[in-house]
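Right, one structure below, let's go through it.
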Amino acid sequence: MSGAYRIAGKGRLTPARQARFSFDGKFYTGLEGDTVASALLAHGVHLMGRSFKYHRPRGPISAGSEEPNALINVARDATREQPNVRATVQEIFEGLKTNSQNRWPSLEYDIGAVNNLGAPFFSAGFYYKTFMWPKAAWKHVYEPFIRAAAGLGVAPKEADTDHYANRYAHCDVLIVGAGIAGLSAALAAAQTGASVIICDEQPEVGGALHYEAGTTVDGMPGFEWAQKTAQKLAAMDNVRLLTRTTAFGYYAQNFISLTERITDHQAMVEKSAPRERLWQVRAKRVILATGAIERHMVFDGNDRPGILLASAARTYLNHYGVAVGKKVGVYTAHDSAYEAAFDLKRAGVEIPAIVDTREKPGDAVMAEAAALGIKVLTGHAVIKTSGRLRVTSMTVGRSTKGTTTKYEIDALIMSAGWTPSVHLFSQSRGKLTWDADNARFVPGTHAQDCLAVGACNGTDGLANTVEEALGAGELMARAAGAAADAEKLSLNTETAFEWTGGMVGASEGAGPDTVAKAFIDFQNDVCAKDIRLAVREGMRSIEHIKRFTTNGMASDQGKLSNMHGLAIAAEALGKDIPEVGLTTFRAPYTPVTFGTIINHARGSLFDPTRKTPMHDQEAALGAVFEDVGQWKRAWFFPRAGEDMHAAVNRECKTVRETVGMFDASTLGKIEVVGPDAAKFLDLMYTNAWDSLKPGRAKYGIMLREDGFIYDDGVVGRLAEDRFHVTTTTGGAPRVLQHMEDYLQTEFPHLKVWLTSTSEQWATVAIQGPKAREVIAPIVDDQDISNEGLPFMSVVECKVLGGVPARLFRMTFAGELGYEINVPADFGPALWDALYERVEAAGGCAYGTETMHVLRAEKGYIIVGQDTDGTVTPYDAGLGWTVSKKKTDFVGIRGLKRPDLVAEGRKQLVGLKTRNPKVVLEEGAQIVADPNQAKPMTMIGHVTSSYWSEHLGSSIALAVVVDGHKRKGETLYIPMEKETIAVEVTDTVFVDKEGSRINV
Amino acid sequence: MSEAIRTKPLPATRTGSAAASVTPAPEASRISLRAGEEALAALSSALDLGLPTQPKTSESKNGRMALWLGPDEWLIIDQNGADLMALCATVSAPHSATDVSHRNTAIIISGPGAADAINGGCPLDLSLKSFPVGACTRTLLAKIEIVLYRSSEDTFRVECWRSFAPYALGMLAEGAMDASA
C-alpha cells in the first residue's frame, strides 16, 4: 500500500504504479511521481531531518525547492551518493536508498539534540564571542571542533561514476518557469516566430496549478491545460521545453545558466545518459515567470514536524493525493490557507479551526468556511505548539495574556502570504521596489533585456497574470526580431477565490521581549529573537545582521526567511523595510552539483595534455616526462638501475664526449614574413637584423618597454622577407601576442605578417662532437661541413630522402650542434632514423634536465629562471646583444632609465662552491658577511644550480648586487645547518673560447 | 616525396554517436595566408579561388577552401594536397603564405546532432540562421582554440593545432554522445 494518508480519488498519480524505496533502512512503497517527502507523508512520516544547530526534529515545511528542513542523503550505489538533497524535490524510484542526516545514533534519538537544551549558550554570534580566547586554542581546539561540527550531511568519499554534460544554446526568448504565466508567454512568443527555450524546475509544467485545483483555463482544469499546452509547445520546431531544469544564475548580457536533471528520477539509468546537463544560454530576451513562495508564520514552536505551508499541504493533497494529517489546524494571515483548509475538509480531513491574525479576512473565504462548517477564529494567534517528534497540539488565543484554548491536532498548516521570487531578476542587477500595500519587493528598474510576469512581478489575479504574460511573450518575441503573423491569443480563465492579506515578521507571542522559539530560518535555526539580539549588539546593516545570525545563509538561501528577518530587523531598528534594504541575491538559485559545473572537464578533458610528435618514441625509450605548461617534455631517459641523478650525469657526459639527441619541438616558432620583416624585428629585438644575411641565424633578446628581458631565442633568416623566429617553450603564445600587439598598434605601417608555426615543425637537436657524422647520412644534398654550414646558419634542405627540412647549425649545449626541423608528421620518422645512428655512434637521447645542465655550464640563460622580469641585458651580461647603432627598438628608452644605469644593480654571475661537492639550492640567498647580525643584508640569490659531471664540481648562476665587479670575491650562503662559502666567477664554466662549437 | 612515414596526430577511427559521427579528416595541405587588399586579386587568381572578404564566410572549389579568419587573414585548405606555397610564390604583391599543413589537423563532425555535439564545448550560435552552410570562424572548443567550418547543413570541420587534437576529439566525442542522449 502506498500509505494510510493517501486519499482515494485525490491526486494525479496512478495507484497501480508503485515503487519501493528506503528511508533510514526502512522500506516504503510510494507511487511513481512521488517525491520522497510525499511518499513518506503518505505513510504518516513527517520527521525527516534534524536542524543544523539545535538538532531539532524537523519535517518538510514545503513541497518544493525552497525546502529548508527535509534534507536527506540519497544513494543509488556507493559511487553515486549525494548529501543535502531536498526530500521535497527528489523523486522516488524502485530501489532508491535515502537516509536522514545530522543525527546520531538515530533520527528519533539524537544525542546532538542536547544543543537544544544548551540553546541559551548558542545564541546568535556565539562563535564570534566564545572562541576568542585563549588565542592559541583557535588553531588546536576551536577550529578543528567547529570544522568537525560544521556542514550538513557527509560528502561522499568515492569518486563520482556518473558523467555530466554541457550545452551552449541560443534563443530569441528564454522563459524561466512553466506555470500559467510562463506557458502563456511561451505560446505567444512561439506563435510570433521566436525561437523559445522554456524551463521549469519541476518534473512537469504547471507551477502553482499543481495545487490550484479550483482553476480552469479554457474550460479545462488548470493542470490539464498546462500539460496539453506543454505538449503543443514541445511539438513546435522553434520551442525547446526543459523540465527538471532550474535556471540558477543570471549573468551579464542575458547569459543564463540552467541545470537539467536527467537521471536522478530514473530507476534504470542508461549508461550514455549524463546525470545532469549544464545549459549555458544566451537569450536575446528573457521572461521571468518564477512565481512566488509562500511564507510561514513566525510563532513559538513553529518548527515541529507536521507544521507546513498551506500551499504545500494543498500540493500534497491535490497533486500527490496525500493528506498531511487527519486533524489539521490552520494558522494564517492570508486567504490562501483557507483554500487549503477547504480542500482538506472536502477530502475528509478534520479542520479544528482556522486561526487568522486578521480581524477581517476576505468575505468570499469566510462565506465558504461557514458553508463547510469550519470554525474561524479572527484576530487570534497560535501562541504555542507541543509535540516532540510531531506536532500534537496548538494553543490559540487573542494574546498570550488572555485566555487560550488548546486544540489537539496532528498537523498545522500556515500562510503569512506570498513572497515574489525575484531572485533571478535581482541577479540580473535589476532594482527592486517596495510594494508597501502588499509588503513585498517587486521588480522595479530592469538592468537587462528581461521582463518579469505573473506572481514574481507582484501581479495578482489569474486573468491579469495571463494577459500580462501573453503580452510579454509577443512583445519580447518581436523585440528579438521575430515577426510572424498570428492572431492575438487570449485565454479564458476562472478561479475560485481571489486572495488578499499577508504579513511579514513575528506574530503574537513571538514579539519583542519574548523568548519564544519562533523560527524564521529553519535550516540555520535562526529565531526572531536572534535578529533582535543582533540589533541590540549593534548590527545596523542587514548584511551584518545576516552574517551575525546566519539568517538566510543556509542551502535554501533564505527563500522563506529573508522577508521575516528583514521585517523583524526593521522593527527593531525603528526603520521602514525599504530603508533597511535587502541582502544581495546570488547564484545559484538552488544548490548545483559540482558535477554539473565541471561537466566534461575531468580526466583527460580536465585540461589539454600536449604531446610532441615524438612522444611515443621517447616513451618507448623509457623517458620520464615533466610538465612544462600543458606540454609533456622528456625530462631524462633512465636506463636500468639509474636514478635521475645517474641518468642525467650519463646523458651530460655522453653529449660532451660523443653525441646526444633532444626533442626541441615545444620551442615556440613564429614565421615573420613580408618586405618589412627585418625592419620589424629590428624594432622588436635589441639586436640588428637588417645586416643578417639570408642563411644566417642569430641569438636575439626581446625587451619589454621598461627595458627588462621579455624573451630570447635564435632567429634564422630564410630569405630577404622571411624569418624563422624561435621563442622559449612557455613564451610562445605571449611573444606572438606581444609582437602582434606592437605590429597592430605601434607599427601598423609595416608590411609584415606573423604566423605561429610552433606545431608545424618537429624539431630534433643533435649535439656533441659526433653530431655531424650522425646527421650526414640523413641529410640529402646539403653541404654540412664547417665551411658549408658554419655555426649560426640555417638552410632549407631535404632529409630522409625528400622530406623538406629547416636545418639550423646552432647549439644550446656548447657543442657542435644542429637542430633539424621537419613537418610534424615526419617527426617520428626523423627521430627513429637519428636514434639509430646516435646509438651506433655511442650517443644517447637526453632530456630537459641534461639540456639545463649543459646550458648552465655554458652560462646560457633561461628566461624566467635566471631572469625574473627585473633583469636588463646588461645585468645578464648580454650587453653585446644590444645594438649601438639602432635609434629605436622596444625598450630602448627603458634601458636609459636612471635606475637601470645606476650602480648597485643585481647582475648575473657564476658561483663556485669552495667545496666542489656541495650543490647550492636554487633560490638560496647570498650575503657578503656571514657574521653580521640578523636580519642580514641579502645581496642576491642563486638562480640556477647543478652538479656538473663534466667538471666534477657543482656550478651555479646567481644574481648579485654589482656582481660583475665582484669576480674572485668570496660570498656566503647561510643555510639552515651551515654557511656555504662561494667564489664569484664568470658565467661560462666550460669552453670559454667556444672551441668545441666551431669545428 | 620521401619514403619516410608520416605519423598523423590522430588515428583515423570514427567515434561519436548515432546523432553525430566524429572522424579525423584525411591529411590536407594548408597555408595561413596574410595579405592586404592590393594582393587579393593576384592571390585569388593564383589559387583559382576568390578570397572572401566578408567575416564568417568562405569560398570553396574542387576540394580547396578559403576561410576568412580576419580582415587580412585566410586559412587555405586543399584536400587534394596541392602545393599551395608554390602557387602563392608566383604572386609578387606583398603577402605572407606560411605552410601550416602539419600544424593543423581536422576532425569532421557529421549527423543531425552535429551542431549540438559541437555546442557541448563551443559557445557559438550554430543555428543555420546564424551559422549557415559555408560559414567559418576562429572560436573556442572548451579550453582550446579551433577554426570551425560548416560544409553542409549537418557537417562541420573542426581545425585545431595538432597537440590539441586528442583533447578536441575527446570533447567532440563527449558532445556527440550527449547529442544523442
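Identifiers for the C-alpha cells are assigned positionally: chains receive A, B, ... in sequence, residues are indexed from 1 per chain, and ligands are indexed from 1 in the order shown.
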So which bits of chain B end up strand (DSSP E) when you DSSP the backbone, as a PyMOL selection string?
chain B and resi 15-16+21-24+29-35+58-61+64-70+73-78+95-99+104-110+136-141+144-152+155-161
Any chance you can output those residues with C-alpha atoms as a PDB file, in the first residue's frame?
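Once written, part_30.pdb looks like this:
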```pdb
ATOM      1  CA  THR B  15      33.874   7.779 -32.924  1.00  0.00           C
ATOM      2  CA  GLY B  16      30.848   9.714 -31.809  1.00  0.00           C
ATOM      3  CA  SER B  21      29.874  10.955 -36.043  1.00  0.00           C
ATOM      4  CA  VAL B  22      33.314  12.268 -35.116  1.00  0.00           C
ATOM      5  CA  THR B  23      36.030  11.322 -37.587  1.00  0.00           C
ATOM      6  CA  PRO B  24      39.581  12.618 -38.034  1.00  0.00           C
ATOM      7  CA  SER B  29      47.706  20.852 -47.397  1.00  0.00           C
ATOM      8  CA  ARG B  30      47.118  24.174 -45.708  1.00  0.00           C
ATOM      9  CA  ILE B  31      48.560  27.630 -45.653  1.00  0.00           C
ATOM     10  CA  SER B  32      47.968  30.575 -43.429  1.00  0.00           C
ATOM     11  CA  LEU B  33      47.626  33.408 -45.925  1.00  0.00           C
ATOM     12  CA  ARG B  34      48.037  37.042 -44.898  1.00  0.00           C
ATOM     13  CA  ALA B  35      47.715  39.900 -47.346  1.00  0.00           C
ATOM     14  CA  SER B  58      34.333  31.084 -47.151  1.00  0.00           C
ATOM     15  CA  GLU B  59      34.823  30.057 -50.754  1.00  0.00           C
ATOM     16  CA  SER B  60      35.359  26.527 -51.920  1.00  0.00           C
ATOM     17  CA  LYS B  61      36.044  24.824 -55.202  1.00  0.00           C
ATOM     18  CA  ARG B  64      40.086  23.740 -51.993  1.00  0.00           C
ATOM     19  CA  MET B  65      38.675  26.117 -49.403  1.00  0.00           C
ATOM     20  CA  ALA B  66      39.485  29.664 -48.410  1.00  0.00           C
ATOM     21  CA  LEU B  67      38.220  30.509 -44.916  1.00  0.00           C
ATOM     22  CA  TRP B  68      38.039  34.165 -43.880  1.00  0.00           C
ATOM     23  CA  LEU B  69      39.629  34.478 -40.438  1.00  0.00           C
ATOM     24  CA  GLY B  70      40.329  38.171 -40.268  1.00  0.00           C
ATOM     25  CA  GLU B  73      43.876  36.548 -42.896  1.00  0.00           C
ATOM     26  CA  TRP B  74      42.698  33.339 -44.566  1.00  0.00           C
ATOM     27  CA  LEU B  75      43.155  29.684 -43.904  1.00  0.00           C
ATOM     28  CA  ILE B  76      43.502  27.908 -47.241  1.00  0.00           C
ATOM     29  CA  ILE B  77      42.922  24.160 -47.175  1.00  0.00           C
ATOM     30  CA  ASP B  78      43.428  21.853 -50.127  1.00  0.00           C
ATOM     31  CA  HIS B  95      51.761  38.856 -48.750  1.00  0.00           C
ATOM     32  CA  SER B  96      52.657  36.105 -46.346  1.00  0.00           C
ATOM     33  CA  ALA B  97      51.986  32.471 -47.146  1.00  0.00           C
ATOM     34  CA  THR B  98      53.106  30.061 -44.446  1.00  0.00           C
ATOM     35  CA  ASP B  99      52.794  26.312 -44.602  1.00  0.00           C
ATOM     36  CA  ASN B 104      46.679  21.910 -38.061  1.00  0.00           C
ATOM     37  CA  THR B 105      44.671  18.769 -38.169  1.00  0.00           C
ATOM     38  CA  ALA B 106      40.954  18.395 -38.765  1.00  0.00           C
ATOM     39  CA  ILE B 107      38.044  16.471 -37.331  1.00  0.00           C
ATOM     40  CA  ILE B 108      34.763  16.056 -39.220  1.00  0.00           C
ATOM     41  CA  ILE B 109      31.540  16.067 -37.229  1.00  0.00           C
ATOM     42  CA  SER B 110      28.543  14.883 -39.170  1.00  0.00           C
ATOM     43  CA  CYS B 136      33.573  29.703 -40.763  1.00  0.00           C
ATOM     44  CA  THR B 137      35.226  31.301 -37.785  1.00  0.00           C
ATOM     45  CA  ARG B 138      38.011  31.032 -35.299  1.00  0.00           C
ATOM     46  CA  THR B 139      36.389  30.172 -31.974  1.00  0.00           C
ATOM     47  CA  LEU B 140      36.686  28.135 -28.792  1.00  0.00           C
ATOM     48  CA  LEU B 141      36.037  24.490 -28.080  1.00  0.00           C
ATOM     49  CA  ILE B 144      41.205  25.292 -26.886  1.00  0.00           C
ATOM     50  CA  GLU B 145      41.123  27.447 -29.992  1.00  0.00           C
ATOM     51  CA  ILE B 146      39.647  25.948 -33.145  1.00  0.00           C
ATOM     52  CA  VAL B 147      38.608  27.022 -36.612  1.00  0.00           C
ATOM     53  CA  LEU B 148      35.072  25.899 -37.306  1.00  0.00           C
ATOM     54  CA  TYR B 149      33.694  25.486 -40.826  1.00  0.00           C
ATOM     55  CA  ARG B 150      30.232  24.300 -41.818  1.00  0.00           C
ATOM     56  CA  SER B 151      30.472  22.303 -45.028  1.00  0.00           C
ATOM     57  CA  SER B 152      26.821  21.227 -45.141  1.00  0.00           C
ATOM     58  CA  THR B 155      28.557  18.513 -41.361  1.00  0.00           C
ATOM     59  CA  PHE B 156      31.249  20.609 -39.721  1.00  0.00           C
ATOM     60  CA  ARG B 157      35.016  20.660 -39.959  1.00  0.00           C
ATOM     61  CA  VAL B 158      36.953  21.490 -36.806  1.00  0.00           C
ATOM     62  CA  GLU B 159      40.554  22.541 -37.397  1.00  0.00           C
ATOM     63  CA  CYS B 160      42.908  22.657 -34.432  1.00  0.00           C
ATOM     64  CA  TRP B 161      46.621  22.538 -33.691  1.00  0.00           C
TER      65      TRP B 161
END
```
Write out as a ChimeraX atom specification the residues lying within 6 Å of range 284-300 of chain A, counting only C-alpha atoms and excluding same-chain residues fewer than 3 positions away.
/A:172-177,181-182,384,414-421,449-453,455-456,480,506-507,510,516-518,560
Go ahead and write the residues just picked, C-alpha atoms, as a PDB file, in the first residue's frame.
```
ATOM      1  CA  ASP A 172      15.274  34.616 -29.025  1.00  0.00           C
ATOM      2  CA  VAL A 173      13.281  34.291 -25.824  1.00  0.00           C
ATOM      3  CA  LEU A 174      14.162  32.314 -22.731  1.00  0.00           C
ATOM      4  CA  ILE A 175      11.275  31.807 -20.357  1.00  0.00           C
ATOM      5  CA  VAL A 176      12.028  30.756 -16.805  1.00  0.00           C
ATOM      6  CA  GLY A 177       9.120  28.983 -15.165  1.00  0.00           C
ATOM      7  CA  ALA A 181       2.403  32.723 -16.763  1.00  0.00           C
ATOM      8  CA  GLY A 182       5.426  31.061 -18.356  1.00  0.00           C
ATOM      9  CA  LYS A 384       2.470  27.898  21.019  1.00  0.00           C
ATOM     10  CA  MET A 414       0.075  28.139   7.761  1.00  0.00           C
ATOM     11  CA  SER A 415       0.398  31.109   5.472  1.00  0.00           C
ATOM     12  CA  ALA A 416       1.778  34.571   6.109  1.00  0.00           C
ATOM     13  CA  GLY A 417       1.352  35.474   2.436  1.00  0.00           C
ATOM     14  CA  TRP A 418       3.498  35.220  -0.633  1.00  0.00           C
ATOM     15  CA  THR A 419       6.990  36.427  -1.474  1.00  0.00           C
ATOM     16  CA  PRO A 420       7.560  37.078  -5.195  1.00  0.00           C
ATOM     17  CA  SER A 421      10.556  35.047  -6.453  1.00  0.00           C
ATOM     18  CA  ASP A 449      16.539  42.820 -21.608  1.00  0.00           C
ATOM     19  CA  CYS A 450      14.100  40.928 -19.469  1.00  0.00           C
ATOM     20  CA  LEU A 451      10.553  41.157 -18.211  1.00  0.00           C
ATOM     21  CA  ALA A 452       9.001  39.637 -15.118  1.00  0.00           C
ATOM     22  CA  VAL A 453       5.424  38.385 -15.398  1.00  0.00           C
ATOM     23  CA  ALA A 455       3.367  36.299  -9.363  1.00  0.00           C
ATOM     24  CA  CYS A 456       7.101  37.081  -9.429  1.00  0.00           C
ATOM     25  CA  ALA A 480      14.116  39.773 -30.541  1.00  0.00           C
ATOM     26  CA  ALA A 506       6.731  37.819  14.054  1.00  0.00           C
ATOM     27  CA  SER A 507       3.160  37.220  15.138  1.00  0.00           C
ATOM     28  CA  ALA A 510       6.942  35.981  19.343  1.00  0.00           C
ATOM     29  CA  ALA A 516       9.808  32.260  22.072  1.00  0.00           C
ATOM     30  CA  LYS A 517      11.498  29.810  19.743  1.00  0.00           C
ATOM     31  CA  ALA A 518       9.804  31.323  16.730  1.00  0.00           C
ATOM     32  CA  LEU A 560      11.396  31.561   3.432  1.00  0.00           C
TER      33      LEU A 560
END
```
Neighbour list for Gly175 in chain B as a list of chain:residue names, cut-off 9 Å, only C-alpha atoms, skip fewer than 6 positions in-chain
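Residues meeting the cut-off are A:Ala165, A:Asn166, A:Arg167, A:His600, B:Gly16, B:Ala20, B:Ala114, B:Asp116, B:Ala117, B:Ile118, B:Asn119, B:Gly120, B:Gly121.
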Pull out every residue of chain A that has at least one atom within 8 Å of chain B, counting only C-alpha atoms, and report them as a PyMOL selection string.
chain A and resi 165-170+272-274+600+604-605+607-613+671+673-675+751-753+755+757-761+800-803+823-829
So that I have them on file, write out the residues from the current selection with C-alpha atoms, as a CSV table (one decimal), in the first residue's frame.
```csv
chain,number,residue,atom,x,y,z
A,165,ALA,CA,27.3,17.3,-19.9
A,166,ASN,CA,27.4,20.8,-21.0
A,167,ARG,CA,25.5,22.5,-23.8
A,168,TYR,CA,25.7,26.1,-25.1
A,169,ALA,CA,22.4,27.3,-26.6
A,170,HIS,CA,21.0,30.5,-28.0
A,272,SER,CA,25.3,7.0,-22.1
A,273,ALA,CA,22.9,9.4,-20.4
A,274,PRO,CA,24.5,12.2,-18.4
A,600,HIS,CA,33.2,17.4,-19.3
A,604,SER,CA,41.9,13.7,-19.8
A,605,LEU,CA,39.5,16.6,-20.6
A,607,ASP,CA,43.0,20.3,-19.4
A,608,PRO,CA,44.6,19.7,-22.7
A,609,THR,CA,47.7,17.5,-22.5
A,610,ARG,CA,50.1,18.5,-25.3
A,611,LYS,CA,52.5,15.9,-26.5
A,612,THR,CA,55.2,16.3,-29.2
A,613,PRO,CA,55.1,14.2,-32.3
A,671,GLU,CA,57.2,32.8,-39.1
A,673,VAL,CA,57.1,37.3,-43.4
A,674,GLY,CA,56.9,40.4,-45.6
A,675,PRO,CA,59.0,43.1,-47.2
A,751,LYS,CA,54.2,45.2,-44.4
A,752,VAL,CA,54.9,42.2,-42.3
A,753,TRP,CA,52.8,39.3,-41.0
A,755,THR,CA,52.2,33.2,-38.2
A,757,THR,CA,54.4,27.7,-36.7
A,758,SER,CA,55.3,26.1,-33.3
A,759,GLU,CA,53.4,23.0,-34.2
A,760,GLN,CA,54.2,22.9,-37.9
A,761,TRP,CA,57.7,21.6,-37.1
A,800,LEU,CA,65.3,11.3,-45.2
A,801,GLY,CA,65.2,11.2,-48.9
A,802,GLY,CA,62.9,14.0,-49.7
A,803,VAL,CA,61.4,15.4,-46.5
A,823,PRO,CA,56.9,18.9,-40.9
A,824,ALA,CA,55.5,17.5,-37.7
A,825,ASP,CA,54.0,14.2,-39.2
A,826,PHE,CA,57.6,13.3,-40.1
A,827,GLY,CA,58.9,13.8,-36.6
A,828,PRO,CA,58.8,10.2,-35.5
A,829,ALA,CA,60.5,9.0,-38.7
```
Could you name the residues that touch Gly379 in chain A at 9 Å or less, counting only C-alpha atoms, but leaving out those on the same chain fewer than 2 positions away, as a PyMOL selection string?
chain A and resi 355-360+377+381+397-398
The selected residues should be written to file as a tab-separated table (two decimals), in the first residue's frame (atoms: C-alpha atoms).
```tsv
chain	number	residue	atom	x	y	z
A	355	VAL	CA	-6.80	30.84	13.29
A	356	ASP	CA	-6.47	34.14	11.47
A	357	THR	CA	-4.49	37.08	12.82
A	358	ARG	CA	-6.69	39.40	10.80
A	359	GLU	CA	-9.92	40.82	12.10
A	360	LYS	CA	-11.41	40.84	8.61
A	377	LEU	CA	-11.08	32.50	14.84
A	381	ALA	CA	-2.99	33.73	17.16
A	397	GLY	CA	-5.76	32.90	21.97
A	398	ARG	CA	-6.24	36.58	21.22
```
Can you pull out the residues contacting range 21-25 of chain A? Cut-off 7 Å, using only C-alpha atoms, and skip same-chain residues under 2 positions away; I want them as a PyMOL selection string.
chain A and resi 19+27-29+92-100
For Ala42 in chain B: contacts at 10 Å, only C-alpha atoms, fewer than 5 positions along chain excluded, given as a PyMOL selection string:
chain B and resi 37+47-48+50+88+90-93
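Taking CA of Thr216 in chain A as the reference point, CA of Asn492 in chain A is found at 8.1 Å.
Between CA of Val655 in chain A and CA of Arg806 in chain A there is a distance of 22.4 Å.
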Could you go through chain B and tell me which residues DSSP, when run on the backbone, assigns to helix (DSSP H, G or I), listing them as number ranges by chain?
B: 37-47, 84-89, 114-118, 162-179
Write out the residues from the selection above, keeping C-alpha atoms, as a compact mmCIF listing (two decimals), in the first residue's frame.
```
# COMPACT_ATOMS: atom_id res chain seq x y z
CA GLU B 37 43.78 44.33 -50.42
CA GLU B 38 46.36 45.07 -53.10
CA ALA B 39 47.36 41.39 -53.28
CA LEU B 40 43.89 39.83 -53.23
CA ALA B 41 43.26 39.69 -56.94
CA ALA B 42 46.62 38.15 -57.71
CA LEU B 43 46.36 35.63 -54.87
CA SER B 44 42.80 34.70 -55.84
CA SER B 45 43.88 34.03 -59.35
CA ALA B 46 46.98 32.08 -58.26
CA LEU B 47 44.83 29.92 -56.00
CA LEU B 84 49.75 25.93 -52.06
CA MET B 85 53.07 27.54 -51.13
CA ALA B 86 54.25 27.14 -54.70
CA LEU B 87 51.03 28.65 -56.05
CA CYS B 88 51.39 31.73 -53.86
CA ALA B 89 55.09 32.06 -54.64
CA ALA B 114 26.49 17.67 -35.17
CA ALA B 115 25.74 21.22 -34.04
CA ASP B 116 24.65 20.02 -30.58
CA ALA B 117 27.83 17.95 -30.31
CA ILE B 118 29.98 20.99 -31.05
CA ARG B 162 47.93 19.02 -33.65
CA SER B 163 48.84 18.74 -29.96
CA PHE B 164 45.30 19.81 -29.07
CA ALA B 165 43.74 17.21 -31.35
CA PRO B 166 43.29 14.44 -28.73
CA TYR B 167 41.56 16.97 -26.47
CA ALA B 168 39.36 18.21 -29.32
CA LEU B 169 38.47 14.66 -30.28
CA GLY B 170 37.62 13.81 -26.67
CA MET B 171 35.41 16.88 -26.25
CA LEU B 172 33.63 16.28 -29.53
CA ALA B 173 33.10 12.60 -28.74
CA GLU B 174 31.50 13.55 -25.41
CA GLY B 175 29.43 16.22 -27.11
CA ALA B 176 28.31 13.69 -29.71
CA MET B 177 27.34 11.22 -27.02
CA ASP B 178 25.34 13.90 -25.24
CA ALA B 179 23.71 14.98 -28.51
```
Between CA of Lys906 in chain A and CA of Thr985 in chain A, what is the spacing in Å?
14.6 Å
Using only C-alpha atoms, which protein or nucleic acid residues come within 7 Å of range 912-929 of chain A? Drop anything in the same chain fewer than 3 positions from it, and give the result as a PDB file with C-alpha atoms, in the first residue's frame.
```
ATOM      1  CA  GLN A 932      76.577  40.136  10.542  1.00  0.00           C
ATOM      2  CA  THR A 937      71.589  42.213   4.258  1.00  0.00           C
ATOM      3  CA  MET A 938      70.927  39.935   1.324  1.00  0.00           C
ATOM      4  CA  ILE A 939      72.740  40.925  -1.826  1.00  0.00           C
ATOM      5  CA  GLY A 940      71.452  38.347  -4.256  1.00  0.00           C
ATOM      6  CA  HIS A 941      70.195  34.818  -4.827  1.00  0.00           C
ATOM      7  CA  VAL A 942      71.060  31.630  -6.692  1.00  0.00           C
ATOM      8  CA  THR A 943      69.075  31.320  -9.956  1.00  0.00           C
ATOM      9  CA  SER A 944      70.424  28.026 -11.367  1.00  0.00           C
ATOM     10  CA  SER A 945      72.432  25.300  -9.677  1.00  0.00           C
ATOM     11  CA  TYR A 946      73.536  21.892 -10.888  1.00  0.00           C
ATOM     12  CA  TRP A 947      76.085  19.167 -10.477  1.00  0.00           C
ATOM     13  CA  SER A 953      82.105  20.036  -9.446  1.00  0.00           C
ATOM     14  CA  SER A 954      78.963  21.968  -8.749  1.00  0.00           C
ATOM     15  CA  ILE A 955      78.148  25.061 -10.772  1.00  0.00           C
ATOM     16  CA  ALA A 956      75.668  27.821 -10.175  1.00  0.00           C
ATOM     17  CA  LEU A 971      80.490  35.432  -0.697  1.00  0.00           C
ATOM     18  CA  TYR A 972      78.362  33.372   1.650  1.00  0.00           C
ATOM     19  CA  ILE A 973      75.143  31.482   1.538  1.00  0.00           C
ATOM     20  CA  ALA A 981      81.310  29.855   1.017  1.00  0.00           C
ATOM     21  CA  VAL A 982      81.276  30.546  -2.724  1.00  0.00           C
ATOM     22  CA  GLU A 983      83.594  32.235  -5.175  1.00  0.00           C
ATOM     23  CA  VAL A 984      82.134  34.649  -7.707  1.00  0.00           C
ATOM     24  CA  THR A 985      83.140  33.629 -11.239  1.00  0.00           C
TER      25      THR A 985
END
```
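Minimum atom-to-atom distance to Asp83 in chain B, evaluated using only C-alpha atoms, belongs to B:Ala28 out of B:Ala19, B:Ala28, B:Leu10, B:Leu49.
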